[in-house]
Amino acid sequence: MHANFTEKDLYVDLTFEGQLPRTRQEARRHIVLYIGRLNYWRKKLGLPPLKYLYVISNTDDNGNKVRLHIHMIINDMDRDLAERLWRHGRANTDRLQFNEYGVTGKSLYMARQARDVEVPEDIRRDEKSWSCSKNLKNPEPVVSDKAVTPSMVNKMLSNPGDREYFEKTIS
């Protein structure tokens, strides 16, 4: 999320009212149509292509089962328009708020919501409860240049007086 979203982007909560979706596939169909409406208006307004990540959840913060709802992050656009384009219940948007850890807390919350989805008997267990746009950048891998292998650790343990080897290995 840190490689793709900024403080200008939106965190969106979408709920269903009236005719509730009975399955995640049905909820996903509503999300796909919503994403299509967002893309249409973004193109019409001259905005860059939509970047998004969403999870479908049916649990609250305490893990209790509740109605299906969606947590979504989208790139910068008018909040009122994003809310108005959701046609199946409430839409609540907030600016994405970064702290000293970025949006790690929000990321972990969304991951937990995706994991905690209870799967009814008639739905396959391997069905995803999250999705994202294809235009997201992959994060840069963190490579440790000072990696110590298990064999190096064994050599250091077997030769505790070999200060020269130890200093050469970690420096």
# chains A, B, ... in the order shown; residues from 1 in each chain; ligands from 1

$ select_by_dssp --residues "range 67-162 of chain A" --states "helix (DSSP H, G or I)" --output "ChimeraX atom specification"
/A:79-84,104-115,150-158

$ residues_around --residues "Gln97 in chain A" --least-positions-apart "6" --cutoff "12 Å" --atoms "only C-alpha atoms" --output "list of chain:residue names"
A:His2, A:Phe5, A:Thr6, A:Glu7, A:Lys8, A:Asp9, A:Leu10, A:Tyr11, A:Ile73, A:Val103, A:Thr104, A:Gly105, A:Lys106, A:Ser107

$ write_last_selection --atoms "all heavy atoms" --output "compact mmCIF listing (two decimals), in the first residue's frame"
# COMPACT_ATOMS: atom_id res chain seq x y z
N HIS A 2 2.02 1.19 0.66
CA HIS A 2 2.87 2.37 0.73
C HIS A 2 3.44 2.75 -0.64
O HIS A 2 3.75 3.92 -0.88
CB HIS A 2 4.00 2.16 1.73
CG HIS A 2 3.49 2.06 3.12
ND1 HIS A 2 3.53 0.90 3.83
CD2 HIS A 2 2.91 2.96 3.93
CE1 HIS A 2 3.00 1.09 5.02
NE2 HIS A 2 2.61 2.35 5.10
N PHE A 5 -0.26 4.34 -2.63
CA PHE A 5 -1.24 5.29 -2.13
C PHE A 5 -0.58 6.39 -1.30
O PHE A 5 0.46 6.17 -0.70
CB PHE A 5 -2.32 4.57 -1.32
CG PHE A 5 -3.08 3.54 -2.13
CD1 PHE A 5 -2.84 2.19 -1.97
CD2 PHE A 5 -4.01 3.94 -3.06
CE1 PHE A 5 -3.53 1.26 -2.72
CE2 PHE A 5 -4.71 3.02 -3.83
CZ PHE A 5 -4.46 1.67 -3.65
N THR A 6 -1.22 7.57 -1.31
CA THR A 6 -0.68 8.73 -0.59
C THR A 6 -1.78 9.32 0.29
O THR A 6 -2.91 8.82 0.32
CB THR A 6 -0.20 9.82 -1.58
OG1 THR A 6 -1.34 10.35 -2.26
CG2 THR A 6 0.79 9.25 -2.58
N GLU A 7 -1.47 10.43 0.94
CA GLU A 7 -2.44 11.11 1.81
C GLU A 7 -3.59 11.73 1.02
O GLU A 7 -4.60 12.10 1.60
CB GLU A 7 -1.73 12.16 2.66
CG GLU A 7 -0.81 11.55 3.68
CD GLU A 7 -0.04 12.59 4.47
OE1 GLU A 7 0.12 13.72 3.99
OE2 GLU A 7 0.42 12.24 5.57
N LYS A 8 -3.45 11.86 -0.29
CA LYS A 8 -4.53 12.39 -1.11
C LYS A 8 -5.59 11.35 -1.42
O LYS A 8 -6.67 11.67 -1.90
CB LYS A 8 -3.97 12.90 -2.44
CG LYS A 8 -3.05 14.09 -2.31
CD LYS A 8 -2.55 14.51 -3.67
CE LYS A 8 -1.63 15.70 -3.56
NZ LYS A 8 -1.12 16.10 -4.88
N ASP A 9 -5.29 10.09 -1.18
CA ASP A 9 -6.18 8.99 -1.55
C ASP A 9 -7.26 8.76 -0.50
O ASP A 9 -7.21 9.32 0.60
CB ASP A 9 -5.36 7.74 -1.80
CG ASP A 9 -4.35 7.94 -2.93
OD1 ASP A 9 -4.67 8.71 -3.85
OD2 ASP A 9 -3.27 7.35 -2.87
N LEU A 10 -8.23 7.92 -0.85
CA LEU A 10 -9.41 7.74 0.00
C LEU A 10 -9.50 6.33 0.57
O LEU A 10 -9.20 5.35 -0.11
CB LEU A 10 -10.68 8.00 -0.82
CG LEU A 10 -10.86 9.36 -1.46
CD1 LEU A 10 -12.14 9.40 -2.27
CD2 LEU A 10 -10.87 10.45 -0.40
N TYR A 11 -9.94 6.27 1.83
CA TYR A 11 -10.33 5.02 2.46
C TYR A 11 -11.86 5.01 2.44
O TYR A 11 -12.50 5.94 2.91
CB TYR A 11 -9.81 4.95 3.90
CG TYR A 11 -10.25 3.70 4.61
CD1 TYR A 11 -9.69 2.47 4.30
CD2 TYR A 11 -11.24 3.75 5.58
CE1 TYR A 11 -10.09 1.32 4.95
CE2 TYR A 11 -11.65 2.61 6.23
CZ TYR A 11 -11.08 1.39 5.91
OH TYR A 11 -11.49 0.26 6.54
N ILE A 73 -9.58 1.03 -0.59
CA ILE A 73 -8.72 2.19 -0.75
C ILE A 73 -8.64 2.49 -2.24
O ILE A 73 -8.40 1.59 -3.04
CB ILE A 73 -7.32 1.94 -0.16
CG1 ILE A 73 -7.44 1.75 1.35
CG2 ILE A 73 -6.38 3.09 -0.49
CD1 ILE A 73 -6.15 1.46 2.05
N VAL A 103 0.66 3.58 6.57
CA VAL A 103 -0.71 3.07 6.74
C VAL A 103 -0.68 1.59 7.12
O VAL A 103 -1.57 0.83 6.80
CB VAL A 103 -1.57 3.29 5.47
CG1 VAL A 103 -1.94 4.73 5.31
CG2 VAL A 103 -0.90 2.75 4.24
N THR A 104 0.34 1.21 7.86
CA THR A 104 0.50 -0.18 8.27
C THR A 104 -0.69 -0.65 9.11
O THR A 104 -1.18 -1.76 8.93
CB THR A 104 1.81 -0.37 9.06
OG1 THR A 104 2.89 0.05 8.23
CG2 THR A 104 2.00 -1.82 9.47
N GLY A 105 -1.19 0.19 10.01
CA GLY A 105 -2.33 -0.19 10.84
C GLY A 105 -3.56 -0.48 10.00
O GLY A 105 -4.24 -1.50 10.20
N LYS A 106 -3.85 0.38 9.04
CA LYS A 106 -4.99 0.18 8.15
C LYS A 106 -4.78 -1.08 7.30
O LYS A 106 -5.71 -1.86 7.08
CB LYS A 106 -5.16 1.41 7.25
CG LYS A 106 -6.40 1.45 6.43
CD LYS A 106 -7.65 1.64 7.25
CE LYS A 106 -7.79 3.03 7.78
NZ LYS A 106 -8.95 3.24 8.61
N SER A 107 -3.56 -1.30 6.85
CA SER A 107 -3.24 -2.48 6.04
C SER A 107 -3.48 -3.76 6.84
O SER A 107 -4.08 -4.72 6.34
CB SER A 107 -1.78 -2.45 5.59
OG SER A 107 -1.50 -1.29 4.87

$ closest_residue --among "A:Leu96, A:Leu81, A:Leu38, A:Met110" --to "Tyr54 in chain A" --atoms "only C-alpha atoms"
A:Met110

$ residues_around --residues "range 16-19 of chain A" --least-positions-apart "5" --cutoff "9 Å" --atoms "only C-alpha atoms" --output "PyMOL selection string"
chain A and resi 27+67-69+87-90

$ write_last_selection --atoms "N, CA and C atoms" --output "PDB file, in the first residue's frame"
ATOM      1  N   ALA A  27     -21.709  -9.852  -3.799  1.00  0.00           N
ATOM      2  CA  ALA A  27     -21.099  -8.602  -3.310  1.00  0.00           C
ATOM      3  C   ALA A  27     -19.993  -8.164  -4.263  1.00  0.00           C
ATOM      4  N   ARG A  67     -23.252  -8.039   8.845  1.00  0.00           N
ATOM      5  CA  ARG A  67     -23.554  -8.017   7.413  1.00  0.00           C
ATOM      6  C   ARG A  67     -22.291  -7.884   6.572  1.00  0.00           C
ATOM      7  N   LEU A  68     -22.364  -8.374   5.341  1.00  0.00           N
ATOM      8  CA  LEU A  68     -21.267  -8.155   4.404  1.00  0.00           C
ATOM      9  C   LEU A  68     -21.063  -6.660   4.206  1.00  0.00           C
ATOM     10  N   HIS A  69     -19.816  -6.239   4.185  1.00  0.00           N
ATOM     11  CA  HIS A  69     -19.463  -4.862   3.899  1.00  0.00           C
ATOM     12  C   HIS A  69     -18.084  -4.846   3.263  1.00  0.00           C
ATOM     13  N   ARG A  87     -24.442   2.609  -4.966  1.00  0.00           N
ATOM     14  CA  ARG A  87     -25.903   2.607  -5.057  1.00  0.00           C
ATOM     15  C   ARG A  87     -26.580   1.548  -4.197  1.00  0.00           C
ATOM     16  N   HIS A  88     -25.863   0.928  -3.289  1.00  0.00           N
ATOM     17  CA  HIS A  88     -26.440  -0.213  -2.571  1.00  0.00           C
ATOM     18  C   HIS A  88     -26.506  -0.029  -1.068  1.00  0.00           C
ATOM     19  N   GLY A  89     -26.351   1.180  -0.595  1.00  0.00           N
ATOM     20  CA  GLY A  89     -26.379   1.432   0.840  1.00  0.00           C
ATOM     21  C   GLY A  89     -25.539   2.646   1.159  1.00  0.00           C
ATOM     22  N   ARG A  90     -24.859   2.592   2.293  1.00  0.00           N
ATOM     23  CA  ARG A  90     -24.039   3.723   2.721  1.00  0.00           C
ATOM     24  C   ARG A  90     -22.625   3.624   2.177  1.00  0.00           C
TER      25      ARG A  90
END

$ atom_distance --atom1 "CA of Val66 in chain A" --atom2 "CA of Ala114 in chain A"
13.7 Å

$ atom_distance --atom1 "CA of Trp130 in chain A" --atom2 "CA of Ile56 in chain A"
6.1 Å

$ closest_residue --among "A:Asn75, A:Arg24, A:Ile70, A:His30" --to "Asn92 in chain A" --atoms "only C-alpha atoms"
A:Ile70

$ residues_around --residues "Lys134 in chain A" --least-positions-apart "6" --cutoff "10 Å" --atoms "only C-alpha atoms" --output "list in words"
Leu50, Lys51, Tyr52 and Leu53 of chain A

$ atom_distance --atom1 "CA of Ala82 in chain A" --atom2 "CA of Trp41 in chain A"
9.3 Å

$ closest_residue --among "A:Trp86, A:Val148, A:Asp76, A:Asn154" --to "Lys168 in chain A" --atoms "only C-alpha atoms"
A:Val148
